[in-house]
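**Q** So here's model02.txt (compact mmCIF, N, CA, C and O atoms).
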# COMPACT_ATOMS: atom_id res chain seq x y z
N MET A 1 22.30 73.30 -55.85
CA MET A 1 23.28 72.69 -54.97
C MET A 1 24.66 73.09 -55.48
O MET A 1 24.95 73.01 -56.66
N SER A 2 25.50 73.52 -54.57
CA SER A 2 26.85 73.94 -54.95
C SER A 2 27.76 72.72 -55.13
O SER A 2 27.41 71.59 -54.75
N ILE A 3 28.92 72.97 -55.67
CA ILE A 3 29.91 71.90 -55.89
C ILE A 3 30.32 71.30 -54.54
O ILE A 3 30.46 70.08 -54.41
N THR A 4 30.52 72.16 -53.56
CA THR A 4 30.94 71.69 -52.24
C THR A 4 29.87 70.81 -51.59
O THR A 4 30.18 69.75 -51.03
N GLN A 5 28.62 71.22 -51.70
CA GLN A 5 27.54 70.42 -51.13
C GLN A 5 27.43 69.07 -51.83
O GLN A 5 27.23 68.05 -51.18
N GLN A 6 27.58 69.06 -53.16
CA GLN A 6 27.52 67.81 -53.90
C GLN A 6 28.66 66.89 -53.49
O GLN A 6 28.50 65.69 -53.32
N TYR A 7 29.86 67.46 -53.32
CA TYR A 7 31.02 66.68 -52.90
C TYR A 7 30.78 66.06 -51.51
O TYR A 7 31.07 64.89 -51.29
N LEU A 8 30.25 66.87 -50.59
CA LEU A 8 29.99 66.34 -49.25
C LEU A 8 28.95 65.23 -49.28
O LEU A 8 29.09 64.21 -48.58
N LEU A 9 27.91 65.39 -50.09
CA LEU A 9 26.90 64.35 -50.22
C LEU A 9 27.49 63.08 -50.82
O LEU A 9 27.25 61.97 -50.32
N ASP A 10 28.30 63.23 -51.88
CA ASP A 10 28.94 62.06 -52.50
C ASP A 10 29.90 61.37 -51.53
O ASP A 10 29.97 60.14 -51.50
N SER A 11 30.63 62.16 -50.74
CA SER A 11 31.54 61.58 -49.75
C SER A 11 30.78 60.80 -48.70
O SER A 11 31.19 59.69 -48.31
N TYR A 12 29.69 61.37 -48.23
CA TYR A 12 28.87 60.69 -47.22
C TYR A 12 28.33 59.37 -47.76
O TYR A 12 28.42 58.34 -47.09
N ARG A 13 27.79 59.39 -48.97
CA ARG A 13 27.25 58.17 -49.57
C ARG A 13 28.34 57.12 -49.79
O ARG A 13 28.12 55.93 -49.59
N ALA A 14 29.52 57.57 -50.21
CA ALA A 14 30.62 56.63 -50.43
C ALA A 14 31.03 55.96 -49.12
O ALA A 14 31.28 54.76 -49.08
N ARG A 15 31.11 56.75 -48.06
CA ARG A 15 31.47 56.18 -46.75
C ARG A 15 30.40 55.19 -46.27
O ARG A 15 30.72 54.17 -45.67
N GLN A 16 29.15 55.50 -46.51
CA GLN A 16 28.06 54.62 -46.09
C GLN A 16 28.11 53.26 -46.79
O GLN A 16 27.75 52.25 -46.23
N HIS A 17 28.57 53.28 -48.06
CA HIS A 17 28.64 52.04 -48.85
C HIS A 17 30.02 51.39 -48.84
O HIS A 17 30.24 50.40 -49.53
N GLY A 18 30.96 51.98 -48.10
CA GLY A 18 32.30 51.41 -48.02
C GLY A 18 33.12 51.58 -49.29
O GLY A 18 34.04 50.82 -49.55
N GLU A 19 32.79 52.58 -50.09
CA GLU A 19 33.51 52.86 -51.33
C GLU A 19 34.53 53.97 -51.10
O GLU A 19 34.43 54.72 -50.13
N PRO A 20 35.51 54.09 -51.99
CA PRO A 20 36.48 55.18 -51.83
C PRO A 20 35.82 56.55 -52.04
O PRO A 20 34.90 56.69 -52.84
N VAL A 21 36.30 57.52 -51.30
CA VAL A 21 35.76 58.88 -51.37
C VAL A 21 36.24 59.53 -52.68
O VAL A 21 37.40 59.38 -53.07
N PRO A 22 35.38 60.25 -53.39
CA PRO A 22 35.80 60.90 -54.63
C PRO A 22 36.80 62.03 -54.33
O PRO A 22 36.83 62.56 -53.22
N PRO A 23 37.62 62.40 -55.31
CA PRO A 23 38.57 63.49 -55.07
C PRO A 23 37.84 64.82 -54.85
O PRO A 23 36.76 65.04 -55.39
N ALA A 24 38.44 65.67 -54.05
CA ALA A 24 37.85 66.97 -53.76
C ALA A 24 37.81 67.83 -55.02
O ALA A 24 38.69 67.71 -55.88
N PRO A 25 36.81 68.67 -55.15
CA PRO A 25 36.74 69.54 -56.33
C PRO A 25 37.93 70.47 -56.39
O PRO A 25 38.32 71.06 -55.38
N GLY A 26 38.53 70.57 -57.56
CA GLY A 26 39.68 71.45 -57.76
C GLY A 26 41.01 70.82 -57.44
O GLY A 26 42.05 71.46 -57.61
N SER A 27 41.03 69.57 -56.98
CA SER A 27 42.30 68.97 -56.58
C SER A 27 43.17 68.59 -57.77
O SER A 27 44.37 68.40 -57.62
N HIS A 28 42.60 68.50 -58.96
CA HIS A 28 43.38 68.12 -60.14
C HIS A 28 43.44 69.23 -61.18
O HIS A 28 43.80 68.99 -62.33
N ASP A 29 43.09 70.46 -60.81
CA ASP A 29 43.05 71.55 -61.78
C ASP A 29 44.40 71.82 -62.42
O ASP A 29 44.50 72.01 -63.63
N TRP A 30 45.46 71.86 -61.62
CA TRP A 30 46.79 72.15 -62.17
C TRP A 30 47.26 71.03 -63.09
O TRP A 30 47.91 71.27 -64.11
N GLN A 31 46.94 69.80 -62.73
CA GLN A 31 47.33 68.68 -63.58
C GLN A 31 46.62 68.77 -64.94
O GLN A 31 47.23 68.55 -65.97
N VAL A 32 45.37 69.13 -64.94
CA VAL A 32 44.62 69.28 -66.19
C VAL A 32 45.21 70.42 -67.02
O VAL A 32 45.37 70.29 -68.24
N ALA A 33 45.57 71.52 -66.39
CA ALA A 33 46.17 72.65 -67.12
C ALA A 33 47.50 72.23 -67.75
O ALA A 33 47.79 72.58 -68.91
N ARG A 34 48.33 71.48 -67.02
CA ARG A 34 49.60 71.01 -67.58
C ARG A 34 49.39 70.06 -68.75
O ARG A 34 50.09 70.15 -69.76
N GLU A 35 48.42 69.15 -68.61
CA GLU A 35 48.16 68.21 -69.70
C GLU A 35 47.64 68.93 -70.94
O GLU A 35 48.01 68.58 -72.06
N LEU A 36 46.82 69.96 -70.76
CA LEU A 36 46.33 70.73 -71.89
C LEU A 36 47.47 71.46 -72.58
O LEU A 36 47.56 71.46 -73.81
N ARG A 37 48.39 72.05 -71.81
CA ARG A 37 49.55 72.72 -72.38
C ARG A 37 50.42 71.74 -73.16
O ARG A 37 50.83 72.03 -74.30
N ASP A 38 50.67 70.57 -72.58
CA ASP A 38 51.48 69.57 -73.27
C ASP A 38 50.82 69.10 -74.55
O ASP A 38 51.48 68.91 -75.58
N TYR A 39 49.51 68.92 -74.52
CA TYR A 39 48.77 68.49 -75.71
C TYR A 39 48.85 69.54 -76.81
O TYR A 39 49.07 69.21 -77.98
N ARG A 40 48.69 70.82 -76.45
CA ARG A 40 48.77 71.89 -77.45
C ARG A 40 50.17 71.98 -78.04
O ARG A 40 50.33 72.20 -79.24
N GLN A 41 51.20 71.80 -77.22
CA GLN A 41 52.57 71.82 -77.73
C GLN A 41 52.80 70.64 -78.67
O GLN A 41 53.43 70.78 -79.72
N PHE A 42 52.29 69.48 -78.32
CA PHE A 42 52.42 68.30 -79.17
C PHE A 42 51.75 68.53 -80.52
O PHE A 42 52.32 68.24 -81.57
N ARG A 43 50.52 69.06 -80.49
CA ARG A 43 49.79 69.33 -81.74
C ARG A 43 50.52 70.35 -82.60
O ARG A 43 50.53 70.25 -83.82
N ALA A 44 51.16 71.34 -81.98
CA ALA A 44 51.91 72.34 -82.73
C ALA A 44 53.10 71.70 -83.43
O ALA A 44 53.37 71.97 -84.61
N VAL A 45 53.81 70.83 -82.73
CA VAL A 45 54.98 70.18 -83.32
C VAL A 45 54.56 69.25 -84.47
O VAL A 45 55.18 69.24 -85.53
N VAL A 46 53.48 68.51 -84.28
CA VAL A 46 53.00 67.60 -85.32
C VAL A 46 52.58 68.39 -86.56
O VAL A 46 52.80 67.96 -87.69
N ALA A 47 52.00 69.59 -86.34
CA ALA A 47 51.57 70.42 -87.47
C ALA A 47 52.73 71.18 -88.11
O ALA A 47 52.53 71.86 -89.12
N GLY A 48 53.93 71.09 -87.53
CA GLY A 48 55.09 71.76 -88.10
C GLY A 48 55.27 73.19 -87.65
O GLY A 48 55.96 73.97 -88.29
N HIS A 49 54.65 73.56 -86.54
CA HIS A 49 54.77 74.91 -85.98
C HIS A 49 55.69 74.86 -84.77
O HIS A 49 55.86 73.81 -84.17
N PRO A 50 56.30 76.01 -84.41
CA PRO A 50 57.11 76.00 -83.19
C PRO A 50 56.24 75.75 -81.97
O PRO A 50 55.11 76.23 -81.89
N ALA A 51 56.75 75.01 -81.02
CA ALA A 51 55.97 74.66 -79.83
C ALA A 51 55.96 75.78 -78.80
O ALA A 51 55.04 75.88 -78.01
N HIS A 52 56.97 76.64 -78.80
CA HIS A 52 57.06 77.72 -77.82
C HIS A 52 57.12 79.07 -78.53
O HIS A 52 57.64 79.19 -79.63
N GLY A 53 56.59 80.09 -77.89
CA GLY A 53 56.70 81.44 -78.37
C GLY A 53 55.74 81.81 -79.49
O GLY A 53 55.92 82.84 -80.13
N ARG A 54 54.73 81.01 -79.73
CA ARG A 54 53.81 81.30 -80.83
C ARG A 54 52.98 82.55 -80.57
O ARG A 54 52.77 83.36 -81.47
N ILE A 55 52.54 82.74 -79.34
CA ILE A 55 51.71 83.91 -79.03
C ILE A 55 52.54 85.17 -79.10
O ILE A 55 52.12 86.18 -79.68
N ARG A 56 53.73 85.12 -78.53
CA ARG A 56 54.61 86.31 -78.55
C ARG A 56 54.97 86.68 -79.99
O ARG A 56 54.98 87.85 -80.35
N GLU A 57 55.25 85.69 -80.81
CA GLU A 57 55.59 85.96 -82.21
C GLU A 57 54.40 86.57 -82.95
O GLU A 57 54.54 87.53 -83.71
N ALA A 58 53.21 86.04 -82.71
CA ALA A 58 52.02 86.58 -83.37
C ALA A 58 51.74 88.01 -82.91
O ALA A 58 51.39 88.88 -83.72
N LEU A 59 51.90 88.29 -81.62
CA LEU A 59 51.70 89.66 -81.14
C LEU A 59 52.75 90.60 -81.72
O LEU A 59 52.43 91.75 -82.05
N GLY A 60 53.96 90.13 -81.85
CA GLY A 60 55.01 90.95 -82.45
C GLY A 60 54.71 91.29 -83.90
O GLY A 60 54.90 92.42 -84.34
N ARG A 61 54.20 90.30 -84.65
CA ARG A 61 53.82 90.57 -86.04
C ARG A 61 52.69 91.58 -86.10
O ARG A 61 52.67 92.48 -86.93
N TRP A 62 51.73 91.45 -85.19
CA TRP A 62 50.58 92.33 -85.19
C TRP A 62 50.99 93.76 -84.80
O TRP A 62 50.54 94.73 -85.40
N LEU A 63 51.85 93.87 -83.78
CA LEU A 63 52.25 95.20 -83.30
C LEU A 63 53.24 95.89 -84.24
O LEU A 63 53.15 97.09 -84.47
N HIS A 64 54.17 95.14 -84.78
CA HIS A 64 55.25 95.75 -85.57
C HIS A 64 55.10 95.55 -87.06
O HIS A 64 55.84 96.13 -87.83
N GLY A 65 54.18 94.71 -87.47
CA GLY A 65 53.95 94.52 -88.89
C GLY A 65 55.04 93.75 -89.61
O GLY A 65 55.18 93.85 -90.83
N ARG A 66 55.84 93.01 -88.90
CA ARG A 66 56.89 92.20 -89.54
C ARG A 66 57.07 90.91 -88.77
O ARG A 66 56.61 90.77 -87.65
N ARG A 67 57.77 89.97 -89.36
CA ARG A 67 57.97 88.67 -88.74
C ARG A 67 59.22 88.69 -87.87
O ARG A 67 60.28 89.13 -88.29
N HIS A 68 59.08 88.20 -86.63
CA HIS A 68 60.22 88.08 -85.72
C HIS A 68 60.86 86.71 -85.90
O HIS A 68 60.22 85.74 -86.27
N ALA A 69 62.14 86.63 -85.58
CA ALA A 69 62.85 85.35 -85.65
C ALA A 69 62.38 84.46 -84.53
O ALA A 69 62.19 84.89 -83.39
N SER A 70 62.19 83.18 -84.82
CA SER A 70 61.76 82.22 -83.80
C SER A 70 62.93 81.86 -82.91
O SER A 70 64.08 81.84 -83.33
N CYS A 71 62.62 81.56 -81.65
CA CYS A 71 63.67 81.21 -80.68
C CYS A 71 64.07 79.77 -80.83
O CYS A 71 63.38 78.89 -81.06
Spit out the file's structure as structure tokens when you get a sec.

**A**
Amino acid sequence: MSITQQYLLDSYRARQHGEPVPPAPGSHDWQVARELRDYRQFRAVVAGHPAHGRIREALGRWLHGRRHASC
């Protein structure tokens, strides 16, 4: 059974029982992505690392063999 079929079945059952319809699949994907980004930035700050530019700095060290200045 696909995600869409399961959603339609759950929606039908919810309507039959007078319950609220569940959210559509994928409707909160961007919110989850933002919360994950915020959580990773928070963990970086707590650990004493810069919150932004970590990937670019690491790639620069790998490509050029030296440390770049943090922004």

**Q** Please identify all polymer residues within 8 Å of A:Ala51, counting only N, CA, C and O atoms, omitting same-chain residues fewer than 2 positions from it, and present them as a PyMOL selection string.

**A** chain A and resi 37+40-46+48-49+53-55+71

**Q** In Å, how far is it from atom CA of A:Pro50 to atom CA of A:Asp29?

**A** 26.0 Å

**Q** List every residue of stretch 28-62 of chain A that DSSP, applied to the backbone of this structure, places in helix (DSSP H, G or I), and write the result as an mmCIF file with N, CA, C and O atoms, in the coordinates of the input.

**A**
data_model
loop_
_atom_site.group_PDB
_atom_site.id
_atom_site.type_symbol
_atom_site.label_atom_id
_atom_site.label_comp_id
_atom_site.auth_asym_id
_atom_site.auth_seq_id
_atom_site.Cartn_x
_atom_site.Cartn_y
_atom_site.Cartn_z
ATOM 1 N N ASP A 29 43.090 70.460 -60.810
ATOM 2 C CA ASP A 29 43.050 71.550 -61.780
ATOM 3 C C ASP A 29 44.400 71.820 -62.420
ATOM 4 O O ASP A 29 44.500 72.010 -63.630
ATOM 5 N N TRP A 30 45.460 71.860 -61.620
ATOM 6 C CA TRP A 30 46.790 72.150 -62.170
ATOM 7 C C TRP A 30 47.260 71.030 -63.090
ATOM 8 O O TRP A 30 47.910 71.270 -64.110
ATOM 9 N N GLN A 31 46.940 69.800 -62.730
ATOM 10 C CA GLN A 31 47.330 68.680 -63.580
ATOM 11 C C GLN A 31 46.620 68.770 -64.940
ATOM 12 O O GLN A 31 47.230 68.550 -65.970
ATOM 13 N N VAL A 32 45.370 69.130 -64.940
ATOM 14 C CA VAL A 32 44.620 69.280 -66.190
ATOM 15 C C VAL A 32 45.210 70.420 -67.020
ATOM 16 O O VAL A 32 45.370 70.290 -68.240
ATOM 17 N N ALA A 33 45.570 71.520 -66.390
ATOM 18 C CA ALA A 33 46.170 72.650 -67.120
ATOM 19 C C ALA A 33 47.500 72.230 -67.750
ATOM 20 O O ALA A 33 47.790 72.580 -68.910
ATOM 21 N N ARG A 34 48.330 71.480 -67.020
ATOM 22 C CA ARG A 34 49.600 71.010 -67.580
ATOM 23 C C ARG A 34 49.390 70.060 -68.750
ATOM 24 O O ARG A 34 50.090 70.150 -69.760
ATOM 25 N N GLU A 35 48.420 69.150 -68.610
ATOM 26 C CA GLU A 35 48.160 68.210 -69.700
ATOM 27 C C GLU A 35 47.640 68.930 -70.940
ATOM 28 O O GLU A 35 48.010 68.580 -72.060
ATOM 29 N N LEU A 36 46.820 69.960 -70.760
ATOM 30 C CA LEU A 36 46.330 70.730 -71.890
ATOM 31 C C LEU A 36 47.470 71.460 -72.580
ATOM 32 O O LEU A 36 47.560 71.460 -73.810
ATOM 33 N N ARG A 37 48.390 72.050 -71.810
ATOM 34 C CA ARG A 37 49.550 72.720 -72.380
ATOM 35 C C ARG A 37 50.420 71.740 -73.160
ATOM 36 O O ARG A 37 50.830 72.030 -74.300
ATOM 37 N N ASP A 38 50.670 70.570 -72.580
ATOM 38 C CA ASP A 38 51.480 69.570 -73.270
ATOM 39 C C ASP A 38 50.820 69.100 -74.550
ATOM 40 O O ASP A 38 51.480 68.910 -75.580
ATOM 41 N N TYR A 39 49.510 68.920 -74.520
ATOM 42 C CA TYR A 39 48.770 68.490 -75.710
ATOM 43 C C TYR A 39 48.850 69.540 -76.810
ATOM 44 O O TYR A 39 49.070 69.210 -77.980
ATOM 45 N N ARG A 40 48.690 70.820 -76.450
ATOM 46 C CA ARG A 40 48.770 71.890 -77.450
ATOM 47 C C ARG A 40 50.170 71.980 -78.040
ATOM 48 O O ARG A 40 50.330 72.200 -79.240
ATOM 49 N N GLN A 41 51.200 71.800 -77.220
ATOM 50 C CA GLN A 41 52.570 71.820 -77.730
ATOM 51 C C GLN A 41 52.800 70.640 -78.670
ATOM 52 O O GLN A 41 53.430 70.780 -79.720
ATOM 53 N N PHE A 42 52.290 69.480 -78.320
ATOM 54 C CA PHE A 42 52.420 68.300 -79.170
ATOM 55 C C PHE A 42 51.750 68.530 -80.520
ATOM 56 O O PHE A 42 52.320 68.240 -81.570
ATOM 57 N N ARG A 43 50.520 69.060 -80.490
ATOM 58 C CA ARG A 43 49.790 69.330 -81.740
ATOM 59 C C ARG A 43 50.520 70.350 -82.600
ATOM 60 O O ARG A 43 50.530 70.250 -83.820
ATOM 61 N N ALA A 44 51.160 71.340 -81.980
ATOM 62 C CA ALA A 44 51.910 72.340 -82.730
ATOM 63 C C ALA A 44 53.100 71.700 -83.430
ATOM 64 O O ALA A 44 53.370 71.970 -84.610
ATOM 65 N N VAL A 45 53.810 70.830 -82.730
ATOM 66 C CA VAL A 45 54.980 70.180 -83.320
ATOM 67 C C VAL A 45 54.560 69.250 -84.470
ATOM 68 O O VAL A 45 55.180 69.240 -85.530
ATOM 69 N N VAL A 46 53.480 68.510 -84.280
ATOM 70 C CA VAL A 46 53.000 67.600 -85.320
ATOM 71 C C VAL A 46 52.580 68.390 -86.560
ATOM 72 O O VAL A 46 52.800 67.960 -87.690
ATOM 73 N N ARG A 54 54.730 81.010 -79.730
ATOM 74 C CA ARG A 54 53.810 81.300 -80.830
ATOM 75 C C ARG A 54 52.980 82.550 -80.570
ATOM 76 O O ARG A 54 52.770 83.360 -81.470
ATOM 77 N N ILE A 55 52.540 82.740 -79.340
ATOM 78 C CA ILE A 55 51.710 83.910 -79.030
ATOM 79 C C ILE A 55 52.540 85.170 -79.100
ATOM 80 O O ILE A 55 52.120 86.180 -79.680
ATOM 81 N N ARG A 56 53.730 85.120 -78.530
ATOM 82 C CA ARG A 56 54.610 86.310 -78.550
ATOM 83 C C ARG A 56 54.970 86.680 -79.990
ATOM 84 O O ARG A 56 54.980 87.850 -80.350
ATOM 85 N N GLU A 57 55.250 85.690 -80.810
ATOM 86 C CA GLU A 57 55.590 85.960 -82.210
ATOM 87 C C GLU A 57 54.400 86.570 -82.950
ATOM 88 O O GLU A 57 54.540 87.530 -83.710
ATOM 89 N N ALA A 58 53.210 86.040 -82.710
ATOM 90 C CA ALA A 58 52.020 86.580 -83.370
ATOM 91 C C ALA A 58 51.740 88.010 -82.910
ATOM 92 O O ALA A 58 51.390 88.880 -83.720
ATOM 93 N N LEU A 59 51.900 88.290 -81.620
ATOM 94 C CA LEU A 59 51.700 89.660 -81.140
ATOM 95 C C LEU A 59 52.750 90.600 -81.720
ATOM 96 O O LEU A 59 52.430 91.750 -82.050
ATOM 97 N N GLY A 60 53.960 90.130 -81.850
ATOM 98 C CA GLY A 60 55.010 90.950 -82.450
ATOM 99 C C GLY A 60 54.710 91.290 -83.900
ATOM 100 O O GLY A 60 54.900 92.420 -84.340
ATOM 101 N N ARG A 61 54.200 90.300 -84.650
ATOM 102 C CA ARG A 61 53.820 90.570 -86.040
ATOM 103 C C ARG A 61 52.690 91.580 -86.100
ATOM 104 O O ARG A 61 52.670 92.480 -86.930
ATOM 105 N N TRP A 62 51.730 91.450 -85.190
ATOM 106 C CA TRP A 62 50.580 92.330 -85.190
ATOM 107 C C TRP A 62 50.990 93.760 -84.800
ATOM 108 O O TRP A 62 50.540 94.730 -85.400
#

**Q** Quick one, how far is atom O of A:Leu63 from atom C of A:Ala47?

**A**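 Separating atom O of A:Leu63 from atom C of A:Ala47 is a distance of 26.2 Å.
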